[in-house]
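Q: This is the content of start-v5.txt (compact mmCIF, C-alpha atoms):
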# COMPACT_ATOMS: atom_id res chain seq x y z
CA MET A 1 79.42 63.46 80.08
CA THR A 2 76.91 61.36 81.60
CA ASP A 3 74.39 62.35 78.95
CA ALA A 4 76.87 61.47 76.30
CA VAL A 5 77.52 58.11 77.82
CA PHE A 6 73.88 57.30 78.08
CA SER A 7 73.07 58.87 74.70
CA GLN A 8 75.18 56.47 72.74
CA PRO A 9 73.86 53.34 74.23
CA ALA A 10 70.36 54.63 73.89
CA SER A 11 70.95 55.27 70.26
CA SER A 12 72.53 51.86 69.81
CA LEU A 13 69.58 50.22 71.45
CA GLU A 14 67.17 52.14 69.30
CA TYR A 15 69.22 51.26 66.22
CA ASN A 16 69.36 47.67 67.12
CA LYS A 17 65.67 47.67 67.85
CA VAL A 18 64.90 49.37 64.56
CA THR A 19 67.25 47.04 62.82
CA ALA A 20 65.57 44.15 64.49
CA ASN A 21 62.24 45.55 63.50
CA VAL A 22 63.44 46.01 59.94
CA ARG A 23 64.77 42.50 59.93
CA ASP A 24 61.48 41.33 61.37
CA LEU A 25 59.68 43.28 58.70
CA ASP A 26 61.94 41.77 56.11
CA THR A 27 61.25 38.36 57.49
CA ARG A 28 57.58 39.05 57.44
CA THR A 29 57.92 40.42 53.90
CA ARG A 30 59.69 37.24 52.90
CA THR A 31 56.95 35.36 54.62
CA VAL A 32 54.45 37.31 52.54
CA GLU A 33 56.53 36.54 49.49
CA ALA A 34 56.54 32.94 50.51
CA ALA A 35 52.82 33.18 50.96
CA THR A 36 52.62 34.80 47.55
CA THR A 37 54.70 31.95 46.23
CA ASN A 38 52.25 29.61 47.89
CA SER A 39 49.43 31.50 46.22
CA THR A 40 51.23 31.11 42.96
CA THR A 41 51.53 27.45 43.73
CA GLY A 42 47.86 27.48 44.54
CA ASN A 43 47.20 29.14 41.26
CA ALA A 44 49.31 26.50 39.64
CA ALA A 45 47.26 23.89 41.43
CA LEU A 46 44.14 25.65 40.26
CA SER A 47 45.63 25.71 36.80
CA ASN A 48 46.20 22.00 37.12
CA ARG A 49 42.59 21.57 38.18
CA LEU A 50 41.52 23.70 35.25
CA ALA A 51 43.69 21.54 33.04
CA THR A 52 41.89 18.56 34.49
CA VAL A 53 38.60 20.21 33.63
CA GLU A 54 39.92 20.88 30.16
CA THR A 55 40.93 17.26 29.93
CA LYS A 56 37.47 16.29 31.00
CA ALA A 57 36.12 18.74 28.48
CA THR A 58 38.25 16.96 25.94
CA THR A 59 36.75 13.74 27.22
CA LEU A 60 33.38 15.36 26.72
CA ASP A 61 34.46 16.11 23.18
CA ILE A 62 35.29 12.44 22.87
CA ARG A 63 31.88 11.61 24.27
CA THR A 64 30.41 13.92 21.69
CA THR A 65 32.36 11.94 19.17
CA ASP A 66 30.87 8.85 20.76
CA THR A 67 27.45 10.41 20.29
CA THR A 68 28.34 10.95 16.68
CA SER A 69 29.42 7.35 16.58
CA GLY A 70 26.10 6.49 18.17
CA ASN A 71 24.37 8.35 15.37
CA ALA A 72 26.53 6.50 12.90
CA ALA A 73 25.58 3.27 14.62
CA LEU A 74 21.92 4.27 14.39
CA ASN A 75 22.43 5.10 10.74
CA THR A 76 24.03 1.70 10.27
CA ARG A 77 21.05 0.08 11.96
CA LEU A 78 18.68 2.04 9.73
CA GLY A 79 20.73 0.95 6.75
CA THR A 80 20.42 -2.63 7.96
CA VAL A 81 16.66 -2.21 8.23
CA GLU A 82 16.56 -0.76 4.73
CA THR A 83 18.67 -3.63 3.48
CA ASN A 84 16.43 -6.15 5.17
CA LEU A 85 13.34 -4.55 3.72
CA GLY A 86 14.91 -4.59 0.31
CA SER A 87 16.05 -8.18 0.56
CA ARG A 88 12.74 -9.56 1.80
CA GLY A 89 10.96 -8.50 -1.34
CA SER A 90 7.85 -10.43 -2.25
CA SER A 91 8.44 -12.88 0.62
CA ASN A 92 7.64 -10.15 3.11
CA PRO A 93 3.93 -9.73 3.95
CA ALA A 94 4.17 -5.93 3.89
CA TYR A 95 5.76 -5.95 0.45
CA ALA A 96 3.23 -8.51 -0.78
CA GLU A 97 0.40 -6.25 0.38
CA ILE A 98 2.00 -3.20 -1.22
CA THR A 99 2.50 -5.10 -4.48
CA ALA A 100 -1.09 -6.28 -4.39
CA LEU A 101 -2.35 -2.75 -3.78
CA LYS A 102 -0.24 -1.34 -6.59
CA THR A 103 -1.49 -4.04 -8.93
CA GLN A 104 -5.10 -3.36 -8.00
CA VAL A 105 -4.74 0.39 -8.41
CA ALA A 106 -3.00 -0.06 -11.76
CA ALA A 107 -5.67 -2.45 -12.98
CA PHE A 108 -8.64 -0.56 -11.50
CA ALA A 109 -9.51 -3.79 -9.76
CA LYS A 110 -12.79 -4.32 -8.01
CA PRO A 111 -13.30 -6.15 -4.69
CA THR A 112 -12.65 -9.86 -4.79
CA THR A 113 -14.98 -10.78 -1.95
CA ALA A 114 -17.14 -13.70 -3.01
CA SER A 115 -20.10 -12.58 -0.94
CA ASP A 116 -22.71 -10.23 -2.40
CA THR A 117 -22.89 -8.48 0.97
CA ALA A 118 -19.49 -6.82 0.40
CA LEU A 119 -19.83 -4.35 -2.48
CA TYR A 120 -21.47 -7.17 -4.48
CA GLY A 121 -18.10 -8.84 -4.82
CA ASP A 122 -18.06 -8.63 -8.62
CA VAL A 123 -14.54 -8.62 -10.05
CA ILE A 124 -15.48 -8.69 -13.73
CA ASN A 125 -18.90 -7.72 -15.03
CA SER A 126 -20.38 -7.01 -18.41
CA ARG A 127 -22.14 -3.95 -17.01
CA PRO A 128 -22.50 -2.44 -13.52
CA ARG A 129 -25.48 -4.01 -11.78
CA GLY A 130 -27.15 -0.62 -11.42
CA ASP A 131 -27.20 -0.26 -15.21
CA CYS A 132 -29.03 -3.55 -15.67
CA TRP A 133 -32.36 -2.87 -14.02
CA TRP A 134 -34.24 -3.91 -17.16
CA ALA A 135 -35.54 -7.48 -17.60
CA GLU A 136 -35.26 -8.74 -21.16
CA PRO A 137 -36.35 -12.22 -22.37
CA ILE A 138 -33.96 -14.60 -24.10
CA SER A 139 -36.04 -15.83 -26.99
CA ASN A 140 -36.16 -19.56 -27.58
CA GLY A 141 -33.52 -20.63 -30.08
CA THR A 142 -31.65 -17.31 -29.97
CA LEU A 143 -28.00 -17.64 -28.98
CA THR A 144 -26.99 -14.52 -27.06
CA VAL A 145 -23.36 -13.67 -26.29
CA GLN A 146 -22.12 -11.04 -23.82
CA ALA A 147 -18.44 -10.19 -23.49
CA THR A 148 -16.15 -7.82 -21.63
CA ARG A 149 -12.46 -7.55 -20.71
CA SER A 150 -10.71 -8.41 -17.49
CA PRO A 151 -8.97 -5.53 -15.71
CA LYS A 152 -6.74 -7.87 -13.71
CA THR A 153 -5.17 -11.30 -13.41
CA PHE A 154 -6.90 -13.58 -10.93
CA THR A 155 -8.64 -16.94 -10.52
CA ALA A 156 -12.42 -16.72 -10.79
CA THR A 157 -14.39 -19.06 -8.53
CA ASP A 158 -17.95 -17.81 -8.97
CA LEU A 159 -20.07 -17.13 -12.09
CA ARG A 160 -23.13 -14.92 -11.60
CA PHE A 161 -26.18 -13.92 -13.61
CA CYS A 162 -29.67 -12.82 -12.68
CA VAL A 163 -33.15 -13.99 -13.71
CA PRO A 164 -35.71 -11.34 -12.67
CA THR A 165 -38.61 -13.24 -14.27
CA ALA A 166 -38.74 -17.03 -14.30
CA ALA A 167 -39.37 -19.13 -17.39
CA GLY A 168 -42.73 -20.80 -17.87
CA GLY A 169 -43.50 -24.31 -19.02
CA THR A 170 -40.73 -26.74 -19.77
CA GLY A 171 -37.60 -26.25 -21.75
CA THR A 172 -33.81 -26.33 -21.73
CA PHE A 173 -31.23 -23.86 -20.56
CA ASP A 174 -27.55 -23.92 -21.53
CA LEU A 175 -24.78 -21.46 -20.69
CA LYS A 176 -21.11 -21.55 -21.60
CA LEU A 177 -18.28 -19.40 -20.31
CA TYR A 178 -15.47 -18.40 -22.68
CA THR A 179 -12.15 -16.57 -22.57
CA GLY A 180 -9.76 -15.44 -25.26
CA THR A 181 -7.19 -12.82 -26.19
CA THR A 182 -9.45 -11.61 -29.01
CA LEU A 183 -13.17 -11.60 -29.73
CA THR A 184 -12.52 -13.65 -32.84
CA GLY A 185 -11.17 -16.60 -30.85
CA LEU A 186 -13.23 -17.22 -27.70
CA THR A 187 -12.76 -20.71 -26.28
CA GLU A 188 -15.08 -22.58 -23.91
CA ARG A 189 -13.84 -22.79 -20.31
CA ALA A 190 -16.92 -23.91 -18.40
CA ALA A 191 -20.49 -25.03 -19.12
CA ILE A 192 -23.67 -25.25 -17.06
CA ASN A 193 -27.15 -26.39 -17.97
CA GLY A 194 -30.47 -27.26 -16.43
CA ALA A 195 -33.94 -25.73 -16.47
CA GLY A 196 -33.72 -25.15 -12.72
CA PHE A 197 -31.48 -22.13 -13.31
CA VAL A 198 -34.29 -20.23 -15.04
CA THR A 199 -37.57 -21.69 -13.73
CA ALA A 200 -37.10 -19.75 -10.49
CA ALA A 201 -36.32 -16.05 -10.32
CA GLY A 202 -33.28 -14.73 -8.48
CA MET A 203 -29.51 -14.24 -8.47
CA LYS A 204 -27.74 -17.33 -9.82
CA HIS A 205 -24.32 -18.56 -8.73
CA GLN A 206 -22.23 -21.31 -10.26
CA ALA A 207 -18.89 -22.43 -8.81
CA ILE A 208 -16.03 -22.34 -11.32
CA ASN A 209 -12.24 -22.51 -11.27
CA LEU A 210 -10.94 -20.34 -14.04
CA ALA A 211 -7.56 -18.58 -14.39
CA ILE A 212 -8.06 -15.19 -16.06
CA SER A 213 -5.30 -12.87 -17.22
CA GLU A 214 -5.38 -9.11 -17.37
CA GLY A 215 -6.72 -8.01 -20.75
CA ASP A 216 -8.45 -11.29 -21.51
CA TYR A 217 -11.89 -11.21 -23.04
CA ILE A 218 -14.44 -13.12 -21.02
CA ALA A 219 -17.88 -14.00 -22.38
CA ILE A 220 -20.98 -16.03 -21.76
CA ALA A 221 -23.30 -17.57 -24.34
CA ILE A 222 -26.93 -18.27 -23.35
CA LEU A 223 -29.39 -20.53 -25.13
CA CYS A 224 -32.98 -21.28 -24.08
CA THR A 225 -35.42 -23.58 -25.88
CA GLY A 226 -39.04 -24.61 -25.33
CA PHE A 227 -40.07 -22.19 -22.58
CA SER A 228 -43.33 -20.27 -22.65
CA PRO A 229 -42.80 -17.56 -21.67
CA SER A 230 -39.03 -17.32 -22.05
CA PRO A 231 -37.02 -16.38 -18.94
CA LYS A 232 -35.99 -12.77 -18.54
CA PHE A 233 -32.42 -11.78 -17.69
CA SER A 234 -31.12 -8.55 -16.19
CA SER A 235 -30.03 -6.15 -18.90
CA THR A 236 -29.70 -2.54 -19.89
CA ALA A 237 -32.86 -0.96 -21.23
CA THR A 238 -33.30 -0.95 -25.00
CA SER A 239 -32.83 2.40 -26.72
CA SER A 240 -31.75 3.79 -30.04
CA GLY A 241 -28.34 4.90 -28.71
CA ALA A 242 -27.52 1.79 -26.68
CA GLN A 243 -24.97 0.46 -29.18
CA LEU A 244 -22.72 3.50 -28.71
CA LEU A 245 -22.98 3.24 -24.95
CA ILE A 246 -22.06 -0.43 -25.00
CA SER A 247 -19.07 0.21 -27.27
CA GLU A 248 -17.72 2.85 -24.91
CA THR A 249 -17.54 0.49 -21.94
CA ASN A 250 -15.60 -2.41 -23.47
CA ALA A 251 -18.77 -4.49 -23.44
CA TYR A 252 -19.90 -6.59 -26.37
CA SER A 253 -23.36 -7.96 -27.09
CA VAL A 254 -24.36 -10.03 -30.11
CA PHE A 255 -27.04 -12.59 -30.97
CA LYS A 256 -28.24 -14.86 -33.73
CA SER A 257 -31.41 -16.87 -34.11
CA GLY A 258 -32.02 -20.46 -35.19
CA GLN A 259 -29.38 -21.93 -32.88
CA ALA A 260 -29.89 -25.49 -31.67
CA ALA A 261 -28.09 -27.13 -28.77
CA PRO A 262 -25.31 -27.69 -28.09
CA ILE A 263 -23.69 -24.28 -27.92
CA PRO A 264 -20.43 -24.16 -29.93
CA ASN A 265 -17.10 -24.76 -28.17
CA THR A 266 -15.51 -21.72 -29.86
CA ILE A 267 -17.01 -18.41 -30.89
CA ASN A 268 -15.98 -15.67 -33.29
CA THR A 269 -18.12 -12.63 -32.54
CA SER A 270 -16.89 -10.93 -35.73
CA ASP A 271 -18.51 -13.59 -37.87
CA ALA A 272 -21.14 -12.20 -40.27
CA SER A 273 -23.83 -14.47 -38.79
CA TRP A 274 -24.02 -12.34 -35.65
CA SER A 275 -26.21 -9.30 -35.13
CA ARG A 276 -25.12 -6.48 -32.86
CA ALA A 277 -27.46 -6.09 -29.89
CA ASN A 278 -28.68 -2.71 -28.68
CA GLN A 279 -28.51 -3.77 -25.03
CA GLN A 280 -26.17 -5.56 -22.66
CA PHE A 281 -27.13 -8.49 -20.46
CA TRP A 282 -25.51 -8.58 -17.05
CA PHE A 283 -23.16 -11.28 -15.82
CA ALA A 284 -20.20 -11.25 -13.48
CA VAL A 285 -17.40 -13.43 -12.17
CA ALA A 286 -15.56 -13.23 -8.86
Spit out the file's structure as structure tokens when you get a sec.

A:
Amino acid sequence: MTDAVFSQPASSLEYNKVTANVRDLDTRTRTVEAATTNSTTGNAALSNRLATVETKATTLDIRTTDTTSGNAALNTRLGTVETNLGSRGSSNPAYAEITALKTQVAAFAKPTTASDTALYGDVINSRPRGDCWWAEPISNGTLTVQATRSPKTFTATDLRFCVPTAAGGTGTFDLKLYTGTTLTGLTERAAINGAGFVTAAGMKHQAINLAISEGDYIAIAILCTGFSPSPKFSSTATSSGAQLLISETNAYSVFKSGQAAPIPNTINTSDASWSRANQQFWFAVA
């Protein structure tokens, strides 16, 4: 009886304790669930932070767009530079230099330096200086004309010719410079005279101011009288084939005897009174 009495309460206590334990376990389970809920919330928070990162990534995309805009802005600036370069045209030094270079290349121009120390400085010459190593006299009373064509448009300021051997005695020297669009219509542009040009040997320079256009013929006419011996001028050597060589280089050389001063103001080198020379005298302008 006693055992029965004490058995029931013992069982009740154990039940209650188990029940309490179960309830405690349930509570703790709920706590875990709550914690799990908190973790979910944490995940949500993390998701929010990831969303923030994504937003910032989107911002980065925008920045990339800004970079693209920056490239567009750079392109616009380059376009502006191109526009400016185009609009400056001939007023811009760079364009002026480019135009000058293109003109010179197109015209096979030679250096325009006036000094003989810089590639001789010849712009137009009847023959290259190296071709004219020969010294040929200009006979008294013989009018000699040399002509060539200009490869460019420019203003000539210096006339040049060379006297390797000086004239002897006393006499007169006259030289005229001509230009024209054809050899049949050469017109006087400048004239020099004086025995002093030929009574001393050397390179001769005469200041001029002459506008020359591309394709123009330019010529000199030389007349000496009274000298003994006559002065010698730089020329090509005489030879049987010289006429063909002269013709091939756009150079023209004619003469006629019995000419008295003054030299004519106009010259037609196709006139029948002229004889074709078999050599070319050298002259140049710069």

Q: Choose the residue, out of A:Ala251, A:Val285, A:Ala100, A:Ala219, that has the smallest atom-to-atom separation from Thr236 in chain A; count all atoms listed in the file.

A: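 The shortest atom-to-atom distance to Thr236 in chain A comes from A:Ala251.
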
Q: Smallest atom-to-atom distance to Ala211 in chain A: which of A:Ala286, A:Cys224, A:Val163, A:Leu175, using all atoms listed in the file?

A: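 Among the listed residues, the smallest separation from Ala211 in chain A belongs to A:Ala286.
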
Q: Have a look at CA of Ser126 in chain A and CA of Gly168 in chain A and let me know their distance in Å, one decimal.

A: 26.3 Å

Q: Rank A:Ala195, A:Cys162, A:Ala260, A:Ile218 by their smallest atom-to-atom distance to Ala147 in chain A, using only C-alpha atoms, and report the top residue only.

A: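 Among A:Ala195, A:Cys162, A:Ala260, A:Ile218, it is A:Ile218 that comes nearest to Ala147 in chain A.
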
Q: Work out how far apart CA of Lys176 in chain A and CA of Ala221 in chain A are and give it in Å to one decimal.

A: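 Going from CA of Lys176 in chain A over to CA of Ala221 in chain A, I get 5.3 Å.
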
Q: As a list in words, please: the residues near Pro264 in chain A (cut-off 9 Å, all atoms listed in the file, same-chain neighbours under 3 positions excluded).

A: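 Once the adjacent positions are removed, what remains is Lys176, Glu188, Ala261 and Ile267 of chain A.
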
Q: CA of Pro231 in chain A and CA of Ser139 in chain A are how many Å apart?

A: 8.1 Å

Q: Could you check which of A:Leu143, A:Cys132, A:Met203, A:Ile212 is closest to Pro262 in chain A, using all atoms listed in the file?

A: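 When distances to Pro262 in chain A are compared using all atoms listed in the file, the smallest one comes from A:Leu143.
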
Q: Which residue, A:Lys232, A:Arg149, A:Lys102, A:His205, has the smallest gap to Trp133 in chain A when you use all atoms listed in the file?

A: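 With all atoms listed in the file as the atom set, the closest residue is A:Lys232.
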
Q: Which residue out of A:Leu159, A:Leu186, A:Leu223, A:Ile138 has the minimum interatomic distance to Gly121 in chain A when all atoms listed in the file are used?

A: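 Of A:Leu159, A:Leu186, A:Leu223, A:Ile138, the one nearest Gly121 in chain A, counting all atoms listed in the file, is A:Leu159.
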
Q: Complete range 258-272 of chain A at the level of N, CA, C and O atoms, written as an mmCIF file, in the coordinates of the input.

A:
data_model
loop_
_atom_site.group_PDB
_atom_site.id
_atom_site.type_symbol
_atom_site.label_atom_id
_atom_site.label_comp_id
_atom_site.auth_asym_id
_atom_site.auth_seq_id
_atom_site.Cartn_x
_atom_site.Cartn_y
_atom_site.Cartn_z
ATOM 1 N N GLY A 258 -32.090 -19.156 -34.525
ATOM 2 C CA GLY A 258 -32.020 -20.460 -35.190
ATOM 3 C C GLY A 258 -30.905 -21.347 -34.668
ATOM 4 O O GLY A 258 -30.441 -22.255 -35.366
ATOM 5 N N GLN A 259 -30.466 -21.120 -33.452
ATOM 6 C CA GLN A 259 -29.380 -21.930 -32.880
ATOM 7 C C GLN A 259 -29.965 -23.110 -32.122
ATOM 8 O O GLN A 259 -30.858 -22.950 -31.294
ATOM 9 N N ALA A 260 -29.492 -24.286 -32.405
ATOM 10 C CA ALA A 260 -29.890 -25.490 -31.670
ATOM 11 C C ALA A 260 -28.756 -25.909 -30.754
ATOM 12 O O ALA A 260 -27.589 -25.592 -30.995
ATOM 13 N N ALA A 261 -29.110 -26.607 -29.691
ATOM 14 C CA ALA A 261 -28.090 -27.130 -28.770
ATOM 15 C C ALA A 261 -27.279 -28.207 -29.497
ATOM 16 O O ALA A 261 -27.814 -28.891 -30.390
ATOM 17 N N PRO A 262 -26.029 -28.393 -29.160
ATOM 18 C CA PRO A 262 -25.310 -27.690 -28.090
ATOM 19 C C PRO A 262 -24.712 -26.367 -28.561
ATOM 20 O O PRO A 262 -24.563 -26.140 -29.759
ATOM 21 N N ILE A 263 -24.365 -25.537 -27.610
ATOM 22 C CA ILE A 263 -23.690 -24.280 -27.920
ATOM 23 C C ILE A 263 -22.277 -24.596 -28.408
ATOM 24 O O ILE A 263 -21.619 -25.500 -27.874
ATOM 25 N N PRO A 264 -21.765 -23.866 -29.404
ATOM 26 C CA PRO A 264 -20.430 -24.160 -29.930
ATOM 27 C C PRO A 264 -19.330 -24.047 -28.866
ATOM 28 O O PRO A 264 -19.454 -23.306 -27.892
ATOM 29 N N ASN A 265 -18.240 -24.787 -29.087
ATOM 30 C CA ASN A 265 -17.100 -24.760 -28.170
ATOM 31 C C ASN A 265 -16.218 -23.516 -28.379
ATOM 32 O O ASN A 265 -15.485 -23.117 -27.466
ATOM 33 N N THR A 266 -16.260 -22.950 -29.569
ATOM 34 C CA THR A 266 -15.510 -21.720 -29.860
ATOM 35 C C THR A 266 -16.445 -20.729 -30.536
ATOM 36 O O THR A 266 -17.395 -21.126 -31.222
ATOM 37 N N ILE A 267 -16.152 -19.460 -30.325
ATOM 38 C CA ILE A 267 -17.010 -18.410 -30.890
ATOM 39 C C ILE A 267 -16.152 -17.305 -31.470
ATOM 40 O O ILE A 267 -15.158 -16.877 -30.867
ATOM 41 N N ASN A 268 -16.576 -16.827 -32.651
ATOM 42 C CA ASN A 268 -15.980 -15.670 -33.290
ATOM 43 C C ASN A 268 -17.080 -14.622 -33.423
ATOM 44 O O ASN A 268 -17.957 -14.727 -34.279
ATOM 45 N N THR A 269 -17.040 -13.613 -32.541
ATOM 46 C CA THR A 269 -18.120 -12.630 -32.540
ATOM 47 C C THR A 269 -18.069 -11.684 -33.733
ATOM 48 O O THR A 269 -18.991 -10.885 -33.930
ATOM 49 N N SER A 270 -16.988 -11.765 -34.526
ATOM 50 C CA SER A 270 -16.890 -10.930 -35.730
ATOM 51 C C SER A 270 -17.479 -11.624 -36.947
ATOM 52 O O SER A 270 -17.537 -11.031 -38.028
ATOM 53 N N ASP A 271 -17.906 -12.854 -36.758
ATOM 54 C CA ASP A 271 -18.510 -13.590 -37.870
ATOM 55 C C ASP A 271 -19.764 -12.872 -38.358
ATOM 56 O O ASP A 271 -20.529 -12.314 -37.559
ATOM 57 N N ALA A 272 -20.020 -12.932 -39.670
ATOM 58 C CA ALA A 272 -21.140 -12.200 -40.270
ATOM 59 C C ALA A 272 -22.502 -12.712 -39.827
ATOM 60 O O ALA A 272 -23.519 -12.038 -40.011
#
